[in-house]
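Right, one structure below, let's go through it.
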Amino acid sequence: MKILVVEDQRFTRRMLVRFLTNAGYAVEEAQDGCEAMEVLAREPIRFVITDWMMPCMSGLELIRAIRGRSLDRWVYVILLTARDEKSGIVEALDAGADDFIHKPFDNEELAVRIRAGQRIIELTERLERLAMTDPLTGLLNRRGLQETLAQSGSADAPLGCVVADIDHFKRINDARGHDRGDLVLKQIAELLRGLFEPDGIVARVGGEEFWLLLRNGTPAELCERVERARSIIAATVLTDGGGDPLNLTLSFGITAVPALQGRDITTLFKIADGALYASKQNGRNRVTCAAPDACP
Ligand SMILES: [Mg+2]
C-alpha cells in the first residue's frame, strides 16, 4: 500500500517517511495541501496522513478538497495535529477526517491506526470490485467496463470496440432451463476471456451480450482476431450440464480505429452495435467490421 505524507515541517516529514518506509509501506511526500492534491491527481493513492497547519492549503482544506468532487475515488485520511482541544477534533472529523493522531506521534499508535485504515480501504476495494463484476461469469459488468474505459490507456494506440451476442440463446433457456443457460454463459465467458485477455477487456453487459475492448494490433488485425475467435467458438463443443453436447455461435460487430483521437468511445460501441445488427440480419455466426465513420 502507498501512503501520501503531507507535512510542511521537513524534520517531521522525514521522520514519518522513515517510519512508514521501515514498516514496509511505499511512500510519497508533499509539503503542503496544494502539492498533495497534485500528487493525488497523478497517482491512485488511497491513504493520506496529513498535517493540519500548512502554508498552502491546510490539512482541513485538503480533506475538504479530497471529499469534494475533485477526486474520483475514496481516500482514507489521518490528520496529524498538535492541537488536542475537543473543538479541533470535532472540526477535523466534521471536515471528513477518518482518524487523527497527535504530534509528536507515538510509533506504535500510528502503526495500529494505519492498519485500521488499511482494513477499511481493503473492504472498500472489495465492494468496488463486486459492484463492477458480473456475479455469474466474473467478467466486468457494464459499470465495470465504463470505469475501466474512463481510466484506460492512451488515445494514440489502435483500439477495437466489439459487441458480441450469442445466436439464438433464448432457445437454450426456453428448451433447457435457465440453470443450464447460465452454465453455457459461463463457458462462453471463459472462451472470450481466453481468446481476448490480457490484451483486451471482456465485459458482460446484458443477458447474452458482451462488449470487448481490444488493443495491440492494427485495425485490420483486430478484425481478423475477432473473426478467428468467432470460428474457434463455433467449433467448440460446450456442455449444458445435462449430458447433451452443444454448439453455439456468436455474432459480432466491430469498429476499429488507429487512434481514438478525440472520438467518443461510446459512439464507437454504438457503431459496433450497428455492425452486430448487420451480422444478425445477414444470417448470424459472422463478424461485421464497420468503418468508424459509419452511421450508428
Ligand atoms: Mg505544519
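Residue names in the C-alpha cells use chain letters A, B, ... in the order shown, residue numbers from 1 in each chain, and ligand numbers from 1 in the order shown.
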For chain A against ligand 1, with a cut-off of 10 Å and counting only C-alpha atoms and all ligand atoms, what is the closest atom pair and its distance in Å to one decimal for every residue that makes the cut, ordered by chain and number, as JSON lines?
{"residue": "A:Val6", "atom": "CA", "partner": "ligand 1", "partner_atom_place_in_ligand_line": "1 (Mg)", "distance": 9.1}
{"residue": "A:Glu7", "atom": "CA", "partner": "ligand 1", "partner_atom_place_in_ligand_line": "1 (Mg)", "distance": 5.9}
{"residue": "A:Asp8", "atom": "CA", "partner": "ligand 1", "partner_atom_place_in_ligand_line": "1 (Mg)", "distance": 5.1}
{"residue": "A:Gln9", "atom": "CA", "partner": "ligand 1", "partner_atom_place_in_ligand_line": "1 (Mg)", "distance": 5.8}
{"residue": "A:Arg10", "atom": "CA", "partner": "ligand 1", "partner_atom_place_in_ligand_line": "1 (Mg)", "distance": 9.4}
{"residue": "A:Thr12", "atom": "CA", "partner": "ligand 1", "partner_atom_place_in_ligand_line": "1 (Mg)", "distance": 9.0}
{"residue": "A:Arg13", "atom": "CA", "partner": "ligand 1", "partner_atom_place_in_ligand_line": "1 (Mg)", "distance": 9.7}
{"residue": "A:Gln31", "atom": "CA", "partner": "ligand 1", "partner_atom_place_in_ligand_line": "1 (Mg)", "distance": 9.0}
{"residue": "A:Asp32", "atom": "CA", "partner": "ligand 1", "partner_atom_place_in_ligand_line": "1 (Mg)", "distance": 8.4}
{"residue": "A:Thr50", "atom": "CA", "partner": "ligand 1", "partner_atom_place_in_ligand_line": "1 (Mg)", "distance": 9.1}
{"residue": "A:Asp51", "atom": "CA", "partner": "ligand 1", "partner_atom_place_in_ligand_line": "1 (Mg)", "distance": 5.6}
{"residue": "A:Trp52", "atom": "CA", "partner": "ligand 1", "partner_atom_place_in_ligand_line": "1 (Mg)", "distance": 6.0}
{"residue": "A:Met53", "atom": "CA", "partner": "ligand 1", "partner_atom_place_in_ligand_line": "1 (Mg)", "distance": 4.0}
{"residue": "A:Met54", "atom": "CA", "partner": "ligand 1", "partner_atom_place_in_ligand_line": "1 (Mg)", "distance": 4.5}
{"residue": "A:Pro55", "atom": "CA", "partner": "ligand 1", "partner_atom_place_in_ligand_line": "1 (Mg)", "distance": 7.7}
{"residue": "A:Ser58", "atom": "CA", "partner": "ligand 1", "partner_atom_place_in_ligand_line": "1 (Mg)", "distance": 8.3}
{"residue": "A:Gly59", "atom": "CA", "partner": "ligand 1", "partner_atom_place_in_ligand_line": "1 (Mg)", "distance": 8.7}
{"residue": "A:Leu80", "atom": "CA", "partner": "ligand 1", "partner_atom_place_in_ligand_line": "1 (Mg)", "distance": 9.0}
{"residue": "A:Thr81", "atom": "CA", "partner": "ligand 1", "partner_atom_place_in_ligand_line": "1 (Mg)", "distance": 8.4}
{"residue": "A:Ala82", "atom": "CA", "partner": "ligand 1", "partner_atom_place_in_ligand_line": "1 (Mg)", "distance": 8.9}
Residues as selected, N, CA and C atoms, written as a compact mmCIF listing (two decimals), in the first residue's frame, can you do that?
# COMPACT_ATOMS: atom_id res chain seq x y z
N VAL A 6 1.79 14.30 4.08
CA VAL A 6 1.71 15.74 3.79
C VAL A 6 2.08 16.50 5.05
N GLU A 7 3.19 17.19 5.01
CA GLU A 7 3.71 17.85 6.22
C GLU A 7 4.67 18.94 5.79
N ASP A 8 4.48 20.16 6.31
CA ASP A 8 5.35 21.26 5.88
C ASP A 8 6.69 21.28 6.63
N GLN A 9 6.71 20.71 7.84
CA GLN A 9 7.98 20.70 8.56
C GLN A 9 8.83 19.52 8.09
N ARG A 10 9.97 19.90 7.53
CA ARG A 10 10.82 18.92 6.90
C ARG A 10 11.23 17.80 7.86
N THR A 12 9.75 16.64 10.66
CA THR A 12 8.65 15.72 10.97
C THR A 12 8.33 14.84 9.77
N ARG A 13 8.36 15.46 8.58
CA ARG A 13 8.06 14.71 7.36
C ARG A 13 9.06 13.57 7.17
N GLN A 31 4.69 18.75 0.57
CA GLN A 31 4.99 19.67 1.68
C GLN A 31 3.80 20.56 2.06
N ASP A 32 2.74 20.45 1.31
CA ASP A 32 1.51 21.15 1.74
C ASP A 32 0.32 20.57 0.98
N THR A 50 -1.93 13.57 6.93
CA THR A 50 -1.65 14.99 6.69
C THR A 50 -1.56 15.80 7.98
N ASP A 51 -0.65 16.74 7.95
CA ASP A 51 -0.53 17.75 8.99
C ASP A 51 -1.75 18.68 8.90
N TRP A 52 -1.99 19.43 9.97
CA TRP A 52 -3.11 20.37 9.98
C TRP A 52 -2.66 21.74 9.46
N MET A 53 -1.66 22.32 10.16
CA MET A 53 -1.23 23.68 9.83
C MET A 53 -0.16 23.67 8.73
N MET A 54 -0.54 24.18 7.58
CA MET A 54 0.42 24.25 6.46
C MET A 54 0.17 25.52 5.67
N PRO A 55 1.21 26.05 5.01
CA PRO A 55 1.06 27.35 4.34
C PRO A 55 0.05 27.35 3.18
N SER A 58 -4.44 24.11 4.11
CA SER A 58 -4.27 23.42 5.40
C SER A 58 -4.77 22.00 5.30
N GLY A 59 -4.52 21.22 6.36
CA GLY A 59 -4.99 19.84 6.40
C GLY A 59 -6.50 19.75 6.22
N LEU A 80 -2.85 14.73 11.33
CA LEU A 80 -1.84 14.87 12.39
C LEU A 80 -2.03 16.23 13.01
N THR A 81 -2.09 16.29 14.30
CA THR A 81 -2.30 17.61 14.88
C THR A 81 -1.65 17.79 16.24
N ALA A 82 -1.16 19.00 16.44
CA ALA A 82 -0.59 19.34 17.74
C ALA A 82 -1.71 19.78 18.68
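All residues of stretch 225-294 of chain A that DSSP, run on the backbone, classes as strand (DSSP E) are Val237, Leu238, Thr239, Pro245, Leu246, Asn247, Leu250, Ser251, Phe252, Gly253, Ile254, Thr255, Ala256, Val257, Val287, Thr288, Cys289 and Ala290 of chain A.
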message: Give me the residues near stretch 285-291 of chain A as a ChimeraX atom specification, where near means some atom within 6 Å (using only C-alpha atoms) and where sequence neighbours in that chain fewer than 2 positions away do not count.
response: /A:249-255,275,279,293-294
Students should find that atom CA of A:Glu28 and atom CA of A:Val5 are spaced 6.2 Å
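For the pair atom CA of A:Ile121 and atom CA of A:Met1, the interatomic distance is 9.8 Å.
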query: Pick from A:Ala111, A:Gln151, A:Gly138, A:Ala116: nearest to A:Asp72, with only C-alpha atoms counted?
result: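 For A:Asp72, the nearest of the candidates is A:Gln151.
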Using only C-alpha atoms, which protein or nucleic acid residues come within 10 Å of stretch 194-210 of chain A? Drop anything in the same chain fewer than 6 positions from it, and give the result as JSON, numbers by chain.
{"A": [132, 133, 134, 136, 137, 138, 139, 140, 141, 142, 143, 144, 145, 146, 148, 149, 159, 160, 161, 162, 163, 164, 165, 166, 167, 168, 169, 170, 181, 182, 185, 188, 216, 217, 225, 226, 228, 229, 230, 232, 233, 250, 251, 252]}
Item checked: Selection near A:Gly243, 12 Å with only C-alpha atoms, sequence-local residues under 5 positions removed, as a ChimeraX atom specification -> /A:176,180,237-238
May I have the residues within 7 Å of stretch 97-102 of chain A as a JSON list (two decimals) with C-alpha atoms, in the first residue's frame, using only C-alpha atoms and disregarding those fewer than 3 positions away in the same chain?
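As a result, selection.json now contains:
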[["chain", "number", "residue", "atom", "x", "y", "z"],
["A", 63, "ILE", "CA", -9.61, 16.95, 3.41],
["A", 76, "TYR", "CA", -8.66, 7.40, 3.89],
["A", 77, "VAL", "CA", -7.23, 10.37, 5.79],
["A", 78, "ILE", "CA", -5.46, 10.59, 9.13],
["A", 79, "LEU", "CA", -4.98, 14.13, 10.38],
["A", 80, "LEU", "CA", -1.84, 14.87, 12.39],
["A", 81, "THR", "CA", -2.30, 17.61, 14.88],
["A", 82, "ALA", "CA", -0.59, 19.34, 17.74],
["A", 92, "ALA", "CA", -11.49, 17.65, 11.81],
["A", 93, "LEU", "CA", -13.95, 14.78, 11.88],
["A", 105, "PHE", "CA", 3.26, 10.84, 17.30]]
**Request:** For A:Gly24, please output as a VMD selection string all residues within 12 Å (counting only C-alpha atoms; exclusion window: fewer than 3 positions along the same chain).
**Result:** chain A and resid 1 to 3 17 to 21 27 111 114 to 115
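Between atom CA of A:Ile45 and atom CA of A:Ser70 lies a distance of 14.0 Å.
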